[in-house]
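Here is final-v5.cif, consisting of mmCIF, C-alpha atoms:
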data_my_file
loop_
_atom_site.label_atom_id
_atom_site.label_comp_id
_atom_site.auth_asym_id
_atom_site.auth_seq_id
_atom_site.Cartn_x
_atom_site.Cartn_y
_atom_site.Cartn_z
CA MET A 10 -36.10 0.29 -23.86
CA ASP A 11 -34.26 -0.81 -20.72
CA ILE A 12 -35.37 1.64 -18.01
CA THR A 13 -31.92 1.44 -16.36
CA SER A 14 -30.39 3.19 -19.36
CA LEU A 15 -32.23 6.36 -18.39
CA PHE A 16 -30.23 6.89 -15.22
CA PRO A 17 -26.51 7.74 -15.14
CA GLU A 18 -24.39 5.67 -12.80
CA VAL A 19 -21.04 6.24 -11.12
CA THR A 20 -18.83 3.72 -9.37
CA ILE A 21 -17.36 4.91 -6.05
CA ASN A 22 -15.35 3.56 -3.17
CA ASN A 23 -17.16 3.15 0.15
CA LEU A 24 -15.68 2.10 3.48
CA GLN A 25 -16.45 -1.33 4.85
CA GLN A 26 -14.96 -3.29 7.71
CA ALA A 27 -12.85 -6.34 7.04
CA ASP A 28 -11.66 -8.99 9.43
CA CYS A 29 -7.93 -9.41 9.85
CA ALA A 30 -6.14 -12.40 11.34
CA THR A 31 -2.56 -13.10 12.31
CA LYS A 32 -0.88 -16.45 12.23
CA ALA A 33 1.28 -17.53 15.15
CA LEU A 34 4.74 -18.86 14.42
CA PRO A 35 6.28 -21.79 16.30
CA ASP A 36 8.57 -20.88 19.20
CA THR A 37 11.25 -23.37 18.18
CA ILE A 38 12.27 -25.26 15.06
CA PRO A 39 13.67 -28.78 15.39
CA PRO A 40 17.38 -28.82 14.39
CA SER A 41 16.72 -31.76 12.08
CA SER A 42 14.43 -29.57 9.96
CA VAL A 43 17.05 -26.85 9.39
CA THR A 44 19.05 -26.90 6.18
CA VAL A 45 21.89 -24.57 5.27
CA PRO A 46 21.19 -23.07 1.82
CA LYS A 47 23.99 -22.72 -0.66
CA HIS A 48 24.72 -19.43 -2.41
CA SER A 49 24.89 -19.36 -6.21
CA ASN A 50 28.71 -19.25 -6.03
CA GLY A 51 28.86 -22.36 -3.83
CA LYS A 52 29.13 -20.55 -0.49
CA SER A 53 26.81 -21.28 2.39
CA PHE A 54 24.42 -18.59 3.60
CA ALA A 55 26.66 -17.87 6.62
CA GLN A 56 29.76 -17.65 4.43
CA ALA A 57 28.07 -15.29 1.99
CA LEU A 58 27.13 -12.92 4.82
CA LYS A 59 30.51 -13.03 6.55
CA GLY A 60 31.94 -9.54 6.89
CA VAL A 61 28.81 -7.81 5.53
CA CYS A 62 27.87 -6.12 8.82
CA ASP A 63 30.48 -3.73 10.25
CA ILE A 64 28.66 -3.04 13.53
CA PRO A 65 30.50 -4.70 16.45
CA SER A 66 28.17 -6.58 18.78
CA SER A 67 29.85 -4.78 21.69
CA GLN A 68 28.20 -1.54 20.51
CA LEU A 69 24.69 -3.00 20.58
CA PRO A 70 22.43 -2.32 23.60
CA GLN A 71 21.93 -5.15 26.06
CA PRO A 72 18.38 -6.52 26.38
CA ILE A 73 16.65 -6.74 29.74
CA ILE A 74 13.69 -8.79 30.86
CA LYS A 75 10.45 -6.97 31.68
CA GLY A 76 7.89 -9.39 33.01
CA ASP A 77 8.13 -12.44 30.79
CA ARG A 78 9.42 -10.65 27.68
CA PRO A 79 12.78 -9.26 26.58
CA SER A 80 13.02 -5.49 26.14
CA ILE A 81 15.66 -3.47 24.34
CA THR A 82 16.27 0.23 23.75
CA ILE A 83 16.83 1.11 20.11
CA PRO A 84 19.27 3.93 19.21
CA GLU A 85 17.24 7.14 19.01
CA ASP A 86 19.49 8.76 16.41
CA GLU A 87 19.09 5.76 14.09
CA TYR A 88 15.31 5.83 14.52
CA LYS A 89 15.20 9.52 13.62
CA ALA A 90 17.36 8.81 10.56
CA GLY A 91 14.92 6.08 9.53
CA ILE A 92 11.98 8.49 9.86
CA GLU A 93 13.85 11.03 7.74
CA GLU A 94 14.47 8.44 5.02
CA CYS A 95 10.72 7.74 4.84
CA LYS A 96 9.62 11.36 4.45
CA ASN A 97 8.99 10.84 0.72
CA ASN A 98 7.13 7.54 1.13
CA LEU A 99 3.48 6.70 0.57
CA HIS A 100 1.33 3.76 1.58
CA GLY A 101 -1.18 2.26 -0.81
CA ARG A 102 -3.61 -0.59 -1.19
CA ILE A 103 -4.81 -2.37 -4.32
CA ILE A 104 -8.54 -3.02 -4.35
CA CYS A 105 -9.56 -5.61 -6.93
CA PRO A 106 -13.04 -6.57 -8.14
CA LYS A 107 -14.46 -9.72 -6.61
CA GLY A 108 -13.08 -12.85 -8.25
CA SER A 109 -10.03 -11.19 -9.83
CA SER A 110 -6.47 -12.05 -8.84
CA LEU A 111 -3.91 -9.62 -7.42
CA LEU A 112 -1.38 -8.13 -9.80
CA THR A 113 2.16 -9.43 -9.64
CA VAL A 114 4.91 -6.99 -8.67
CA VAL A 115 6.22 -7.00 -12.25
CA ALA A 116 2.77 -6.27 -13.70
CA LEU A 117 2.13 -3.52 -11.15
CA ARG A 118 5.47 -1.85 -11.91
CA SER A 119 4.72 -1.94 -15.64
CA LYS A 120 1.28 -0.36 -15.19
CA LEU A 121 2.50 2.37 -12.83
CA SER A 122 5.47 3.23 -15.05
CA ALA A 123 3.08 3.79 -17.95
CA LEU A 124 0.69 5.87 -15.84
CA GLU A 125 3.39 8.03 -14.21
CA PRO A 126 6.10 8.45 -16.88
CA ASP A 127 7.40 11.70 -15.35
CA VAL A 128 8.33 9.97 -12.08
CA LYS A 129 11.74 8.53 -12.94
CA CYS A 130 13.23 7.24 -9.70
CA TRP A 131 10.83 5.41 -7.41
CA GLY A 132 10.25 1.97 -5.96
CA PHE A 133 7.79 -0.07 -3.96
CA LEU A 134 7.54 -3.22 -1.90
CA SER A 135 4.67 -5.44 -0.86
CA LEU A 136 3.64 -5.30 2.80
CA GLY A 137 1.07 -8.10 2.50
CA LYS A 138 -2.74 -8.14 2.45
CA GLY A 139 -2.75 -5.99 -0.69
CA TYR A 140 -0.80 -3.12 0.95
CA TYR A 141 2.35 -1.57 -0.52
CA GLU A 142 4.92 1.01 0.46
CA PHE A 143 6.12 3.42 -2.23
CA THR A 144 9.40 5.32 -2.09
CA PHE A 145 10.25 8.41 -4.14
CA SER A 146 13.51 10.25 -4.69
CA SER A 147 11.98 13.68 -4.16
CA THR A 148 9.13 15.35 -2.32
CA GLU A 149 7.87 16.77 -5.62
CA ASP A 150 7.45 13.30 -7.15
CA MET A 151 5.74 12.01 -4.02
CA ARG A 152 3.28 14.91 -3.99
CA ARG A 153 2.58 14.54 -7.72
CA VAL A 154 1.59 10.90 -7.29
CA ARG A 155 -0.21 11.55 -3.99
CA ALA A 156 -2.39 14.19 -5.67
CA SER A 157 -3.95 11.51 -7.88
CA GLY A 158 -5.48 9.86 -4.79
CA SER A 159 -6.70 6.72 -6.56
CA ILE A 160 -5.14 5.19 -9.69
CA SER A 161 -7.15 2.92 -11.98
CA LEU A 162 -5.23 -0.30 -12.78
CA ASN A 163 -7.93 -1.91 -14.94
CA PRO A 164 -8.90 -4.13 -13.24
CA GLY A 165 -8.85 -2.76 -9.72
CA ILE A 166 -7.61 0.51 -8.30
CA LEU A 167 -4.62 1.61 -6.26
CA LYS A 168 -5.65 3.82 -3.37
CA LEU A 169 -2.79 5.96 -2.02
CA PHE A 170 -2.59 7.51 1.41
CA ALA A 171 -0.04 9.27 3.60
CA TRP A 172 2.84 7.33 5.10
CA THR A 173 2.54 6.71 8.84
CA ARG A 174 4.90 5.31 11.46
CA ASP A 175 4.57 1.72 12.67
CA PHE A 176 2.21 0.80 9.84
CA ASN A 177 1.02 -2.81 10.16
CA PRO A 178 -1.28 -4.25 7.44
CA SER A 179 -2.59 -6.88 9.88
CA LEU A 180 -4.05 -4.14 12.08
CA GLN A 181 -5.95 -2.40 9.28
CA ASN A 182 -9.67 -3.14 9.59
CA ASN A 183 -11.10 -0.75 6.99
CA THR A 184 -11.08 -1.28 3.26
CA SER A 185 -12.88 0.08 0.21
CA ALA A 186 -15.53 -1.57 -1.93
CA GLN A 187 -16.72 -0.59 -5.39
CA VAL A 188 -20.45 0.11 -5.55
CA TRP A 189 -22.85 1.68 -8.05
CA VAL A 190 -24.70 4.91 -7.26
CA ARG A 191 -27.73 5.86 -9.35
CA PHE A 192 -29.05 9.42 -9.65
CA PHE A 193 -32.84 9.53 -10.14
CA GLY A 194 -34.58 12.48 -11.72
CA LEU A 195 -31.39 14.03 -13.09
CA SER A 196 -32.07 16.04 -16.26
CA GLN A 197 -29.99 15.12 -19.27
CA GLU A 198 -28.10 18.41 -19.41
CA TYR A 199 -26.34 17.26 -16.23
CA TRP A 200 -25.17 14.01 -17.86
CA ARG A 201 -21.57 15.17 -18.15
CA PRO A 202 -18.67 13.18 -16.64
CA ARG A 203 -17.33 16.03 -14.51
CA ILE A 204 -20.82 16.90 -13.24
CA LEU A 205 -21.55 13.27 -12.35
CA PHE A 206 -18.17 12.93 -10.63
CA ALA A 207 -18.81 16.13 -8.69
CA ILE A 208 -22.12 14.80 -7.39
CA ALA A 209 -20.72 11.35 -6.63
CA SER A 210 -17.79 12.82 -4.69
CA CYS A 211 -20.26 13.63 -1.90
CA VAL A 212 -20.47 9.94 -0.98
CA GLY A 213 -17.14 8.46 -2.10
CA THR A 214 -14.32 8.58 -4.63
CA PRO A 215 -15.65 8.45 -8.23
CA ILE A 216 -13.96 5.95 -10.53
CA CYS A 217 -16.01 5.63 -13.72
#

For this file, produce the structure as structure tokens.
Amino acid sequence: MDITSLFPEVTINNLQQADCATKALPDTIPPSSVTVPKHSNGKSFAQALKGVCDIPSSQLPQPIIKGDRPSITIPEDEYKAGIEECKNNLHGRIICPKGSSLLTVVALRSKLSALEPDVKCWGFLSLGKGYYEFTFSSTEDMRRVRASGSISLNPGILKLFAWTRDFNPSLQNNTSAQVWVRFFGLSQEYWRPRILFAIASCVGTPIC
């Protein structure tokens, strides 16, 4: 008999630090390298966007120079409206097993739609580095999904957390890793999924 079969195991998420890096963009682009894309109806990009924005440039605040950088004051009422629009949002990160590839947006949408069939009107967008932002049409839907904490995607998990202002994936230096925890000397009457999950929750989030 394999001695390891005598001990129940639970996979959890533990916090580990991860290095993040940002890539600098060039200050200028040579004019010769710029091409004007054509819209599907034959219009150029500039022609397609003509008349889309109805905000006169005269109503925009004027930038000033502070030190060696430009500075501008954003409209406070618009910022507050943006915060209000995000009140039903969540942030999340997909954590995949080592060696597996990230899910595509289409595959992720299909999996989440099957797991949360009662949430009818919602959306999400990729923020990069495995992070996503989820939007919901109601506070009730947001709270229902938030209550699940972590969602198994098989493979990988989606870990959800509260939406915060000025969220930048490049500045996140903590992530989760899947590890095995073994309980020694645990009598067999305790070998029940809910009991094992209860014990494992002391050191992380139980998955399986």

**Report entry** Point-to-point distance in Å for atom CA of Ser135 of chain A and atom CA of Trp172 of chain A
**Finding:**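 Separating atom CA of Trp172 of chain A from atom CA of Ser135 of chain A is a distance of 14.2 Å.
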
Requested in this report: May I ask for the distance between atom CA of Cys105 of chain A and atom CA of Ser161 of chain A, given in Å to one decimal place?
Outcome: 10.2 Å

Query raised in the report: Just how far from atom CA of Phe193 of chain A is atom CA of Lys168 of chain A, in Å to one decimal?
Result: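 Going from atom CA of Lys168 of chain A over to atom CA of Phe193 of chain A covers 28.6 Å.
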
Query - Picked residues, the PyMOL selection byres ((chain A and resi 152-159) around 10), as a ChimeraX atom specification - result: /A:22,97-103,124-125,127-128,145,147-151,160-162,166-171,214-216

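Compared by their closest atoms to Ser210 of chain A, and using only C-alpha atoms, the residues A:Glu198, A:Glu94, A:Trp131, A:Val190 rank with A:Val190 nearest.
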
Report summary line: Using only C-alpha atoms, the best pick from A:Asp175, A:Ala209, A:Val115, A:Pro202 as closest to Trp189 of chain A would be A:Ala209

Query raised in the report: Which residue out of A:Asn177, A:Thr82, A:Gln187, A:Asn163 has the minimum interatomic distance to Tyr141 of chain A when only C-alpha atoms are used?
Result: A:Asn177

**Report entry** Option closest in space to Leu111 of chain A, from A:Arg78, A:Lys138, A:Lys52, A:Arg203 [counting all atoms listed in the file]
**Finding:**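 Checking each candidate against Leu111 of chain A, we get A:Lys138 as the closest.
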
Requested in this report: Report as a ChimeraX atom specification the residues that result from applying the PyMOL selection byres ((chain A and resi 71) around 12) to the structure here.
Outcome: /A:66-70,72-74,79-84

N, CA and C atoms of segment 127-161 of chain A, written as a PDB file, in the first residue's frame:
ATOM      1  N   ASP A 127     -27.510  32.481 -13.324  1.00  0.00           N
ATOM      2  CA  ASP A 127     -28.504  33.434 -12.823  1.00  0.00           C
ATOM      3  C   ASP A 127     -28.084  34.883 -13.037  1.00  0.00           C
ATOM      4  N   VAL A 128     -26.799  35.111 -13.327  1.00  0.00           N
ATOM      5  CA  VAL A 128     -26.319  36.470 -13.570  1.00  0.00           C
ATOM      6  C   VAL A 128     -26.449  36.727 -15.065  1.00  0.00           C
ATOM      7  N   LYS A 129     -27.448  37.523 -15.445  1.00  0.00           N
ATOM      8  CA  LYS A 129     -27.795  37.667 -16.857  1.00  0.00           C
ATOM      9  C   LYS A 129     -27.004  38.768 -17.564  1.00  0.00           C
ATOM     10  N   CYS A 130     -26.850  39.904 -16.922  1.00  0.00           N
ATOM     11  CA  CYS A 130     -26.237  41.046 -17.594  1.00  0.00           C
ATOM     12  C   CYS A 130     -24.936  41.430 -16.898  1.00  0.00           C
ATOM     13  N   TRP A 131     -23.823  41.017 -17.457  1.00  0.00           N
ATOM     14  CA  TRP A 131     -22.526  41.323 -16.877  1.00  0.00           C
ATOM     15  C   TRP A 131     -21.476  41.292 -17.985  1.00  0.00           C
ATOM     16  N   GLY A 132     -20.316  41.846 -17.698  1.00  0.00           N
ATOM     17  CA  GLY A 132     -19.248  41.866 -18.679  1.00  0.00           C
ATOM     18  C   GLY A 132     -17.901  41.921 -17.989  1.00  0.00           C
ATOM     19  N   PHE A 133     -16.846  41.764 -18.760  1.00  0.00           N
ATOM     20  CA  PHE A 133     -15.508  41.845 -18.188  1.00  0.00           C
ATOM     21  C   PHE A 133     -14.513  42.240 -19.262  1.00  0.00           C
ATOM     22  N   LEU A 134     -13.385  42.762 -18.838  1.00  0.00           N
ATOM     23  CA  LEU A 134     -12.312  43.104 -19.759  1.00  0.00           C
ATOM     24  C   LEU A 134     -10.987  42.753 -19.127  1.00  0.00           C
ATOM     25  N   SER A 135     -10.027  42.422 -19.967  1.00  0.00           N
ATOM     26  CA  SER A 135      -8.701  42.057 -19.489  1.00  0.00           C
ATOM     27  C   SER A 135      -7.903  43.303 -19.166  1.00  0.00           C
ATOM     28  N   LEU A 136      -7.234  43.289 -18.005  1.00  0.00           N
ATOM     29  CA  LEU A 136      -6.379  44.398 -17.594  1.00  0.00           C
ATOM     30  C   LEU A 136      -4.910  44.071 -17.790  1.00  0.00           C
ATOM     31  N   GLY A 137      -4.601  42.836 -18.199  1.00  0.00           N
ATOM     32  CA  GLY A 137      -3.221  42.413 -18.380  1.00  0.00           C
ATOM     33  C   GLY A 137      -2.698  41.680 -17.155  1.00  0.00           C
ATOM     34  N   LYS A 138      -1.642  40.886 -17.357  1.00  0.00           N
ATOM     35  CA  LYS A 138      -1.001  40.127 -16.290  1.00  0.00           C
ATOM     36  C   LYS A 138      -1.969  39.189 -15.570  1.00  0.00           C
ATOM     37  N   GLY A 139      -2.986  38.710 -16.281  1.00  0.00           N
ATOM     38  CA  GLY A 139      -3.936  37.774 -15.701  1.00  0.00           C
ATOM     39  C   GLY A 139      -5.047  38.416 -14.892  1.00  0.00           C
ATOM     40  N   TYR A 140      -5.088  39.763 -14.832  1.00  0.00           N
ATOM     41  CA  TYR A 140      -6.114  40.472 -14.069  1.00  0.00           C
ATOM     42  C   TYR A 140      -7.273  40.878 -14.978  1.00  0.00           C
ATOM     43  N   TYR A 141      -8.471  40.905 -14.405  1.00  0.00           N
ATOM     44  CA  TYR A 141      -9.676  41.278 -15.141  1.00  0.00           C
ATOM     45  C   TYR A 141     -10.520  42.217 -14.296  1.00  0.00           C
ATOM     46  N   GLU A 142     -11.358  42.982 -14.979  1.00  0.00           N
ATOM     47  CA  GLU A 142     -12.355  43.796 -14.288  1.00  0.00           C
ATOM     48  C   GLU A 142     -13.731  43.342 -14.728  1.00  0.00           C
ATOM     49  N   PHE A 143     -14.597  43.050 -13.767  1.00  0.00           N
ATOM     50  CA  PHE A 143     -15.936  42.541 -14.032  1.00  0.00           C
ATOM     51  C   PHE A 143     -16.966  43.616 -13.705  1.00  0.00           C
ATOM     52  N   THR A 144     -17.937  43.772 -14.582  1.00  0.00           N
ATOM     53  CA  THR A 144     -19.003  44.749 -14.377  1.00  0.00           C
ATOM     54  C   THR A 144     -20.343  44.014 -14.292  1.00  0.00           C
ATOM     55  N   PHE A 145     -21.193  44.471 -13.386  1.00  0.00           N
ATOM     56  CA  PHE A 145     -22.506  43.854 -13.179  1.00  0.00           C
ATOM     57  C   PHE A 145     -23.576  44.929 -13.228  1.00  0.00           C
ATOM     58  N   SER A 146     -24.769  44.532 -13.639  1.00  0.00           N
ATOM     59  CA  SER A 146     -25.864  45.488 -13.795  1.00  0.00           C
ATOM     60  C   SER A 146     -26.534  45.826 -12.471  1.00  0.00           C
ATOM     61  N   SER A 147     -26.291  45.030 -11.448  1.00  0.00           N
ATOM     62  CA  SER A 147     -26.929  45.286 -10.153  1.00  0.00           C
ATOM     63  C   SER A 147     -25.989  44.908  -9.015  1.00  0.00           C
ATOM     64  N   THR A 148     -26.225  45.537  -7.869  1.00  0.00           N
ATOM     65  CA  THR A 148     -25.437  45.229  -6.681  1.00  0.00           C
ATOM     66  C   THR A 148     -25.682  43.796  -6.228  1.00  0.00           C
ATOM     67  N   GLU A 149     -26.920  43.310  -6.410  1.00  0.00           N
ATOM     68  CA  GLU A 149     -27.245  41.949  -5.999  1.00  0.00           C
ATOM     69  C   GLU A 149     -26.431  40.930  -6.780  1.00  0.00           C
ATOM     70  N   ASP A 150     -26.311  41.114  -8.093  1.00  0.00           N
ATOM     71  CA  ASP A 150     -25.519  40.187  -8.909  1.00  0.00           C
ATOM     72  C   ASP A 150     -24.054  40.235  -8.511  1.00  0.00           C
ATOM     73  N   MET A 151     -23.551  41.435  -8.282  1.00  0.00           N
ATOM     74  CA  MET A 151     -22.147  41.583  -7.893  1.00  0.00           C
ATOM     75  C   MET A 151     -21.886  40.857  -6.572  1.00  0.00           C
ATOM     76  N   ARG A 152     -22.751  41.032  -5.610  1.00  0.00           N
ATOM     77  CA  ARG A 152     -22.567  40.392  -4.301  1.00  0.00           C
ATOM     78  C   ARG A 152     -22.705  38.877  -4.398  1.00  0.00           C
ATOM     79  N   ARG A 153     -23.587  38.402  -5.272  1.00  0.00           N
ATOM     80  CA  ARG A 153     -23.764  36.953  -5.430  1.00  0.00           C
ATOM     81  C   ARG A 153     -22.482  36.315  -5.954  1.00  0.00           C
ATOM     82  N   VAL A 154     -21.865  36.952  -6.946  1.00  0.00           N
ATOM     83  CA  VAL A 154     -20.622  36.421  -7.502  1.00  0.00           C
ATOM     84  C   VAL A 154     -19.471  36.621  -6.523  1.00  0.00           C
ATOM     85  N   ARG A 155     -19.442  37.759  -5.858  1.00  0.00           N
ATOM     86  CA  ARG A 155     -18.367  38.061  -4.898  1.00  0.00           C
ATOM     87  C   ARG A 155     -18.349  37.056  -3.756  1.00  0.00           C
ATOM     88  N   ALA A 156     -19.534  36.571  -3.365  1.00  0.00           N
ATOM     89  CA  ALA A 156     -19.631  35.641  -2.237  1.00  0.00           C
ATOM     90  C   ALA A 156     -18.913  34.336  -2.520  1.00  0.00           C
ATOM     91  N   SER A 157     -18.755  33.974  -3.800  1.00  0.00           N
ATOM     92  CA  SER A 157     -18.081  32.722  -4.135  1.00  0.00           C
ATOM     93  C   SER A 157     -16.581  32.796  -3.875  1.00  0.00           C
ATOM     94  N   GLY A 158     -16.017  33.997  -3.821  1.00  0.00           N
ATOM     95  CA  GLY A 158     -14.599  34.166  -3.502  1.00  0.00           C
ATOM     96  C   GLY A 158     -13.692  33.679  -4.603  1.00  0.00           C
ATOM     97  N   SER A 159     -13.562  32.376  -4.755  1.00  0.00           N
ATOM     98  CA  SER A 159     -12.739  31.770  -5.798  1.00  0.00           C
ATOM     99  C   SER A 159     -13.602  30.827  -6.630  1.00  0.00           C
ATOM    100  N   ILE A 160     -13.423  30.877  -7.955  1.00  0.00           N
ATOM    101  CA  ILE A 160     -14.202  30.050  -8.873  1.00  0.00           C
ATOM    102  C   ILE A 160     -13.255  29.116  -9.609  1.00  0.00           C
ATOM    103  N   SER A 161     -13.525  27.819  -9.545  1.00  0.00           N
ATOM    104  CA  SER A 161     -12.696  26.840 -10.238  1.00  0.00           C
ATOM    105  C   SER A 161     -13.014  26.858 -11.728  1.00  0.00           C
TER     106      SER A 161
END
